[in-house]
file final05.cif (mmCIF, C-alpha atoms)
data_protein
loop_
_atom_site.group_PDB
_atom_site.id
_atom_site.type_symbol
_atom_site.label_atom_id
_atom_site.label_comp_id
_atom_site.auth_asym_id
_atom_site.auth_seq_id
_atom_site.Cartn_x
_atom_site.Cartn_y
_atom_site.Cartn_z
ATOM 1 C CA MET O 258 238.005 -12.591 -71.794
ATOM 2 C CA ARG O 259 237.548 -15.759 -69.712
ATOM 3 C CA ASN O 260 234.893 -14.041 -67.587
ATOM 4 C CA MET O 261 233.139 -12.782 -70.736
ATOM 5 C CA LYS O 262 233.106 -16.294 -72.191
ATOM 6 C CA GLN O 263 231.658 -17.751 -68.970
ATOM 7 C CA GLU O 264 229.005 -15.040 -68.871
ATOM 8 C CA LEU O 265 228.109 -15.740 -72.506
ATOM 9 C CA ILE O 266 227.783 -19.478 -71.785
ATOM 10 C CA ARG O 267 225.359 -18.630 -68.955
ATOM 11 C CA LEU O 268 223.387 -16.245 -71.188
ATOM 12 C CA LEU O 269 223.171 -18.836 -73.984
ATOM 13 C CA CYS O 270 221.848 -21.377 -71.461
ATOM 14 C CA GLU O 271 219.173 -18.903 -70.377
ATOM 15 C CA LYS O 272 218.120 -17.680 -73.827
ATOM 16 C CA SER O 273 219.312 -20.045 -76.568
ATOM 17 C CA PHE O 274 220.061 -23.587 -75.428
ATOM 18 C CA LYS O 275 217.703 -26.488 -74.735
ATOM 19 C CA TYR O 276 218.654 -30.007 -73.682
ATOM 20 C CA SER O 277 216.653 -33.213 -73.383
ATOM 21 C CA GLU O 278 217.538 -36.775 -72.375
ATOM 22 C CA GLU O 279 215.595 -37.939 -75.462
ATOM 23 C CA PRO O 280 216.297 -36.675 -79.013
ATOM 24 C CA ILE O 281 213.199 -34.464 -79.432
ATOM 25 C CA PHE O 282 214.583 -31.444 -81.312
ATOM 26 C CA LYS O 283 214.350 -31.555 -85.111
ATOM 27 C CA LEU O 284 217.397 -30.157 -86.940
ATOM 28 C CA VAL O 285 217.653 -28.536 -90.386
ATOM 29 C CA SER O 286 219.079 -31.838 -91.660
ATOM 30 C CA GLY O 287 215.852 -33.585 -90.614
ATOM 31 C CA LYS O 288 217.614 -35.569 -87.879
ATOM 32 C CA THR O 289 216.537 -35.293 -84.258
ATOM 33 C CA SER O 290 218.862 -34.271 -81.453
ATOM 34 C CA ARG O 291 218.999 -33.985 -77.664
ATOM 35 C CA PHE O 292 220.384 -30.442 -78.066
ATOM 36 C CA TYR O 293 218.821 -27.315 -79.506
ATOM 37 C CA VAL O 294 220.768 -24.112 -80.011
ATOM 38 C CA ASN O 295 219.252 -20.915 -81.426
ATOM 39 C CA CYS O 296 221.775 -18.133 -80.812
ATOM 40 C CA LYS O 297 219.586 -15.316 -82.158
ATOM 41 C CA PRO O 298 217.819 -14.430 -78.854
ATOM 42 C CA THR O 299 221.260 -14.089 -77.238
ATOM 43 C CA ALA O 300 222.962 -12.346 -80.183
ATOM 44 C CA LEU O 301 220.145 -9.796 -80.418
ATOM 45 C CA SER O 302 220.094 -9.007 -76.685
ATOM 46 C CA PRO O 303 222.139 -6.002 -75.505
ATOM 47 C CA ARG O 304 224.426 -8.007 -73.190
ATOM 48 C CA GLY O 305 224.758 -10.857 -75.681
ATOM 49 C CA MET O 306 225.758 -8.416 -78.394
ATOM 50 C CA PHE O 307 228.349 -6.857 -76.087
ATOM 51 C CA LEU O 308 229.886 -10.227 -75.134
ATOM 52 C CA ILE O 309 229.783 -11.733 -78.633
ATOM 53 C CA GLY O 310 231.251 -8.572 -80.162
ATOM 54 C CA HIS O 311 234.211 -8.585 -77.773
ATOM 55 C CA LEU O 312 234.861 -12.342 -78.027
ATOM 56 C CA LEU O 313 234.670 -12.358 -81.842
ATOM 57 C CA PHE O 314 236.889 -9.300 -82.122
ATOM 58 C CA ASP O 315 239.411 -11.018 -79.854
ATOM 59 C CA GLU O 316 239.435 -14.029 -82.218
ATOM 60 C CA VAL O 317 240.398 -11.916 -85.257
ATOM 61 C CA ALA O 318 242.237 -8.911 -83.726
ATOM 62 C CA SER O 319 245.698 -10.315 -84.476
ATOM 63 C CA LEU O 320 244.825 -10.930 -88.139
ATOM 64 C CA ASP O 321 244.939 -8.334 -90.876
ATOM 65 C CA VAL O 322 241.285 -8.674 -91.926
ATOM 66 C CA ALA O 323 239.203 -5.981 -93.568
ATOM 67 C CA GLY O 324 235.868 -7.629 -92.869
ATOM 68 C CA ILE O 325 233.950 -10.025 -90.659
ATOM 69 C CA GLY O 326 230.651 -11.629 -91.638
ATOM 70 C CA GLY O 327 228.760 -14.668 -92.764
ATOM 71 C CA MET O 328 225.457 -16.056 -93.951
ATOM 72 C CA THR O 329 222.394 -13.970 -93.220
ATOM 73 C CA PHE O 330 220.674 -13.952 -90.742
ATOM 74 C CA GLY O 331 222.604 -15.939 -88.130
ATOM 75 C CA ALA O 332 225.904 -14.116 -88.609
ATOM 76 C CA ASP O 333 224.499 -10.592 -89.081
ATOM 77 C CA PRO O 334 224.075 -9.379 -85.467
ATOM 78 C CA MET O 335 227.382 -11.001 -84.514
ATOM 79 C CA ALA O 336 229.246 -9.305 -87.390
ATOM 80 C CA VAL O 337 227.755 -5.917 -86.513
ATOM 81 C CA ALA O 338 228.682 -6.389 -82.830
ATOM 82 C CA ALA O 339 232.276 -7.351 -83.719
ATOM 83 C CA ALA O 340 232.611 -4.412 -86.145
ATOM 84 C CA PHE O 341 231.323 -2.029 -83.471
ATOM 85 C CA VAL O 342 233.851 -3.341 -80.940
ATOM 86 C CA SER O 343 236.628 -3.099 -83.552
ATOM 87 C CA GLY O 344 235.850 0.601 -83.922
ATOM 88 C CA LEU O 345 235.949 1.094 -80.146
ATOM 89 C CA LYS O 346 239.312 -0.699 -79.986
ATOM 90 C CA GLY O 347 240.798 1.446 -82.781
ATOM 91 C CA LYS O 348 241.246 -1.454 -85.221
ATOM 92 C CA PRO O 349 238.259 -1.053 -87.564
ATOM 93 C CA ILE O 350 236.920 -4.181 -89.286
ATOM 94 C CA SER O 351 233.854 -3.849 -91.534
ATOM 95 C CA ALA O 352 230.807 -6.062 -91.074
ATOM 96 C CA PHE O 353 229.377 -7.796 -94.126
ATOM 97 C CA SER O 354 226.446 -10.074 -94.866
ATOM 98 C CA ILE O 355 226.194 -12.944 -97.347
ATOM 99 C CA ARG O 356 222.824 -13.441 -99.002
ATOM 100 C CA LYS O 357 221.004 -16.769 -99.131
ATOM 101 C CA THR O 358 219.904 -15.974 -102.706
ATOM 102 C CA LYS O 359 221.749 -13.762 -105.165
ATOM 103 C CA LYS O 360 220.341 -10.293 -105.719
ATOM 104 C CA ASP O 361 218.634 -10.204 -109.132
ATOM 105 C CA HIS O 362 218.560 -6.432 -109.597
ATOM 106 C CA GLY O 363 221.127 -3.643 -109.540
ATOM 107 C CA ILE O 364 224.567 -5.214 -109.212
ATOM 108 C CA ALA O 365 223.961 -8.966 -108.816
ATOM 109 C CA LYS O 366 226.178 -10.039 -105.946
ATOM 110 C CA TRP O 367 226.246 -12.354 -102.946
ATOM 111 C CA ILE O 368 227.669 -9.904 -100.412
ATOM 112 C CA GLU O 369 226.499 -6.652 -98.851
ATOM 113 C CA GLY O 370 229.198 -4.581 -97.196
ATOM 114 C CA ASP O 371 232.038 -2.157 -97.812
ATOM 115 C CA LEU O 372 234.669 -4.587 -99.140
ATOM 116 C CA SER O 373 236.704 -4.946 -102.321
ATOM 117 C CA PRO O 374 237.972 -8.064 -104.113
ATOM 118 C CA GLY O 375 241.336 -9.213 -102.763
ATOM 119 C CA GLN O 376 240.679 -8.126 -99.175
ATOM 120 C CA ALA O 377 241.118 -10.634 -96.335
ATOM 121 C CA VAL O 378 238.050 -11.541 -94.285
ATOM 122 C CA ALA O 379 236.907 -13.779 -91.432
ATOM 123 C CA ILE O 380 233.759 -15.840 -91.924
ATOM 124 C CA ILE O 381 231.591 -16.293 -88.830
ATOM 125 C CA ASP O 382 228.583 -18.457 -88.017
ATOM 126 C CA ASP O 383 226.378 -18.781 -84.956
ATOM 127 C CA VAL O 384 226.208 -22.595 -84.820
ATOM 128 C CA ALA O 385 228.069 -25.404 -86.592
ATOM 129 C CA THR O 386 226.604 -28.891 -86.843
ATOM 130 C CA THR O 387 227.896 -30.218 -90.180
ATOM 131 C CA GLY O 388 229.471 -26.851 -91.086
ATOM 132 C CA GLY O 389 227.433 -26.630 -94.304
ATOM 133 C CA SER O 390 226.270 -23.019 -93.998
ATOM 134 C CA THR O 391 229.754 -21.846 -92.967
ATOM 135 C CA ILE O 392 231.308 -23.630 -95.964
ATOM 136 C CA GLN O 393 228.671 -22.079 -98.242
ATOM 137 C CA ALA O 394 229.563 -18.645 -96.834
ATOM 138 C CA VAL O 395 233.286 -19.301 -97.449
ATOM 139 C CA GLU O 396 232.583 -20.297 -101.066
ATOM 140 C CA ARG O 397 230.385 -17.263 -101.735
ATOM 141 C CA ALA O 398 232.952 -14.889 -100.216
ATOM 142 C CA ARG O 399 235.612 -16.424 -102.468
ATOM 143 C CA ASP O 400 233.254 -16.143 -105.483
ATOM 144 C CA GLU O 401 233.174 -12.390 -104.774
ATOM 145 C CA GLY O 402 236.988 -12.265 -104.773
ATOM 146 C CA LEU O 403 237.530 -12.077 -101.016
ATOM 147 C CA LYS O 404 240.385 -13.921 -99.312
ATOM 148 C CA VAL O 405 238.990 -16.015 -96.441
ATOM 149 C CA VAL O 406 241.738 -16.362 -93.830
ATOM 150 C CA LYS O 407 239.748 -17.574 -90.811
ATOM 151 C CA ALA O 408 236.392 -19.031 -89.792
ATOM 152 C CA VAL O 409 234.946 -18.575 -86.305
ATOM 153 C CA VAL O 410 231.870 -20.392 -85.011
ATOM 154 C CA LEU O 411 230.110 -19.137 -81.893
ATOM 155 C CA VAL O 412 228.800 -22.597 -80.831
ATOM 156 C CA ASP O 413 230.320 -25.857 -82.029
ATOM 157 C CA ARG O 414 227.770 -28.670 -81.658
ATOM 158 C CA GLN O 415 230.735 -31.092 -81.811
ATOM 159 C CA GLU O 416 229.215 -33.151 -84.612
ATOM 160 C CA GLY O 417 232.021 -32.826 -87.166
ATOM 161 C CA GLY O 418 231.295 -29.299 -88.393
ATOM 162 C CA LEU O 419 234.667 -27.753 -87.516
ATOM 163 C CA GLU O 420 236.533 -30.628 -89.166
ATOM 164 C CA ASN O 421 234.443 -30.173 -92.351
ATOM 165 C CA ILE O 422 235.057 -26.404 -92.377
ATOM 166 C CA ARG O 423 238.817 -27.033 -91.957
ATOM 167 C CA ARG O 424 238.821 -28.684 -95.390
ATOM 168 C CA HIS O 425 238.020 -25.217 -96.801
ATOM 169 C CA VAL O 426 239.774 -22.857 -94.323
ATOM 170 C CA ALA O 427 242.871 -23.887 -92.369
ATOM 171 C CA ASP O 428 242.266 -21.563 -89.397
ATOM 172 C CA VAL O 429 238.942 -22.520 -87.770
ATOM 173 C CA THR O 430 237.991 -21.919 -84.143
ATOM 174 C CA SER O 431 234.898 -22.019 -81.978
ATOM 175 C CA ILE O 432 234.210 -19.798 -79.000
ATOM 176 C CA ILE O 433 231.936 -22.217 -77.120
ATOM 177 C CA THR O 434 231.344 -25.966 -77.384
ATOM 178 C CA ARG O 435 228.189 -27.988 -76.844
ATOM 179 C CA ASP O 436 229.899 -29.719 -73.890
ATOM 180 C CA GLU O 437 230.458 -26.348 -72.184
ATOM 181 C CA LEU O 438 226.772 -25.491 -72.641
ATOM 182 C CA VAL O 439 225.625 -28.884 -71.309
ATOM 183 C CA ARG O 440 227.842 -28.490 -68.222
ATOM 184 C CA GLU O 441 226.451 -25.021 -67.465
ATOM 185 C CA TRP O 442 222.849 -26.058 -68.255
ATOM 186 C CA THR O 443 223.183 -29.041 -65.883
ATOM 187 C CA LYS O 444 224.632 -26.809 -63.151
ATOM 188 C CA ILE O 445 221.803 -24.253 -63.527
ATOM 189 C CA LYS O 446 219.155 -27.013 -63.503
ATOM 190 C CA ARG O 447 220.669 -28.609 -60.374
ATOM 191 C CA MET O 448 220.663 -25.242 -58.574
ATOM 192 C CA LYS O 449 216.991 -24.665 -59.554
ATOM 193 C CA ASP O 450 216.009 -28.177 -58.443
ATOM 194 C CA GLU O 451 217.746 -27.683 -55.091
ATOM 195 C CA GLY O 452 216.466 -24.107 -54.881
#
call {"tool": "encode", "arguments": {"input": "final05.cif", "output": "structure tokens"}}
result
Amino acid sequence: MRNMKQELIRLLCEKSFKYSEEPIFKLVSGKTSRFYVNCKPTALSPRGMFLIGHLLFDEVASLDVAGIGGMTFGADPMAVAAAFVSGLKGKPISAFSIRKTKKDHGIAKWIEGDLSPGQAVAIIDDVATTGGSTIQAVERARDEGLKVVKAVVLVDRQEGGLENIRRHVADVTSIITRDELVREWTKIKRMKDEG
């Protein structure tokens, strides 16, 4: 798994991560930052999907969870990748998606997926800054009667998000940190500059 993680860090640096000495990237919160992370180009690429699926499955394989998912759209490709890997590994875990707005027709619910109230699930998110969207996903899953036993974030921006999420779910982990991305990004840039 270590090699997969390192490969994913490299792929994120190529497709999803930007870094600047000056804070030029505007965040959802309205603040500006020196770091920009958009995991979707990586999560939607074939190799990214393969790596993320295996690494996420590894994070939850020892737990007795029926589902893995989070807020649409960031968590969707990651949940599908992890569910696919779980099937390959003979320990099936269903993917699910949490809506941003509640469905107003048919059966009004927050979650799409093959889960029943009372089942244990893992909430996932692509990036955590403050942890707000992950916490919202945890609350909506609980509103639908699911038991949230773990939260996994693909990239922790190391700005307090994991600590905030821990107030809602005891077991919270990240696969990659901002510092790991900065180190790899710096290494790649140095090699290009020397190139």
call {"tool": "closest_residue", "arguments": {"input": "final05.cif", "among": "O:Leu313, O:Val439, O:Ala352, O:Ala332", "to": "Arg291 of chain O", "atoms": "only C-alpha atoms"}}
result
O:Val439
call {"tool": "closest_residue", "arguments": {"input": "final05.cif", "among": "O:Lys366, O:Lys407, O:His425, O:Arg399", "to": "Asp382 of chain O", "atoms": "all atoms listed in the file"}}
result
O:Lys407
call {"tool": "closest_residue", "arguments": {"input": "final05.cif", "among": "O:Asp371, O:Asp400, O:Asp428, O:Glu420", "to": "Glu316 of chain O", "atoms": "all atoms listed in the file"}}
result
O:Asp428
call {"tool": "residues_around", "arguments": {"input": "final05.cif", "residues": "Lys357 of chain O", "least_positions_apart": "3", "cutoff": "8 Å", "atoms": "all atoms listed in the file", "output": "list in words"}}
result
Met328, Thr329 and Trp367 of chain O
call {"tool": "resolve_selection", "arguments": {"input": "final05.cif", "expression": "the PyMOL selection byres ((chain O and resi 414) around 9)", "output": "PyMOL selection string"}}
result
chain O and resi 292+294+384-387+412-413+415-418+433-436
call {"tool": "closest_residue", "arguments": {"input": "final05.cif", "among": "O:Met258, O:Val410, O:Val426, O:Leu419", "to": "Glu396 of chain O", "atoms": "only C-alpha atoms"}}
result
O:Val426
call {"tool": "residues_around", "arguments": {"input": "final05.cif", "residues": "Met335 of chain O", "least_positions_apart": "4", "cutoff": "8 Å", "atoms": "all atoms listed in the file", "output": "list in words"}}
result
Ala300, Met306, Ile309, Gly310, Leu313, Gly326, Gly331, Ala339 and Asp383 of chain O
call {"tool": "resolve_selection", "arguments": {"input": "final05.cif", "expression": "the PyMOL selection byres ((chain O and resi 274-287) around 10)", "output": "list in words"}}
result
Ile266, Arg267, Leu268, Leu269, Cys270, Glu271, Lys272, Ser273, Lys288, Thr289, Ser290, Arg291, Phe292, Tyr293, Val294, Asn295, Cys296, Thr299, Thr386, Thr387, Arg435, Leu438, Val439, Trp442 and Thr443 of chain O
call {"tool": "write_last_selection", "arguments": {"input": "final05.cif", "atoms": "C-alpha atoms", "output": "CSV table (one decimal), in the coordinates of the input"}}
result
chain,number,residue,atom,x,y,z
O,266,ILE,CA,227.8,-19.5,-71.8
O,267,ARG,CA,225.4,-18.6,-69.0
O,268,LEU,CA,223.4,-16.2,-71.2
O,269,LEU,CA,223.2,-18.8,-74.0
O,270,CYS,CA,221.8,-21.4,-71.5
O,271,GLU,CA,219.2,-18.9,-70.4
O,272,LYS,CA,218.1,-17.7,-73.8
O,273,SER,CA,219.3,-20.0,-76.6
O,288,LYS,CA,217.6,-35.6,-87.9
O,289,THR,CA,216.5,-35.3,-84.3
O,290,SER,CA,218.9,-34.3,-81.5
O,291,ARG,CA,219.0,-34.0,-77.7
O,292,PHE,CA,220.4,-30.4,-78.1
O,293,TYR,CA,218.8,-27.3,-79.5
O,294,VAL,CA,220.8,-24.1,-80.0
O,295,ASN,CA,219.3,-20.9,-81.4
O,296,CYS,CA,221.8,-18.1,-80.8
O,299,THR,CA,221.3,-14.1,-77.2
O,386,THR,CA,226.6,-28.9,-86.8
O,387,THR,CA,227.9,-30.2,-90.2
O,435,ARG,CA,228.2,-28.0,-76.8
O,438,LEU,CA,226.8,-25.5,-72.6
O,439,VAL,CA,225.6,-28.9,-71.3
O,442,TRP,CA,222.8,-26.1,-68.3
O,443,THR,CA,223.2,-29.0,-65.9
call {"tool": "closest_residue", "arguments": {"input": "final05.cif", "among": "O:Asp321, O:Phe341, O:Ala336, O:Ser351", "to": "Val406 of chain O", "atoms": "all atoms listed in the file"}}
result
O:Asp321
call {"tool": "axis_aligned_box", "arguments": {"input": "final05.cif", "around": "segment 400-409 of chain O", "padding_each_side": "5 Å", "output": "AutoDock Vina command-line options"}}
result
--center_x 237.5 --center_y -15.6 --center_z -95.9 --size_x 18.6 --size_y 17.0 --size_z 29.2
call {"tool": "residues_near_point", "arguments": {"input": "final05.cif", "point": "(226.9, -0.6, -76.6)", "cutoff": "9 Å", "atoms": "all atoms listed in the file", "output": "list in words"}}
result
Pro303, Arg304, Met306, Phe307, Ala338, Phe341 and Val342 of chain O
call {"tool": "atom_distance", "arguments": {"input": "final05.cif", "atom1": "atom CA of Gly344 of chain O", "atom2": "atom CA of Thr391 of chain O"}}
result
25.0 Å
call {"tool": "residues_around", "arguments": {"input": "final05.cif", "residues": "Asn421 of chain O", "least_positions_apart": "5", "cutoff": "9 Å", "atoms": "only C-alpha atoms", "output": "ChimeraX atom specification"}}
result
/O:387-389,392
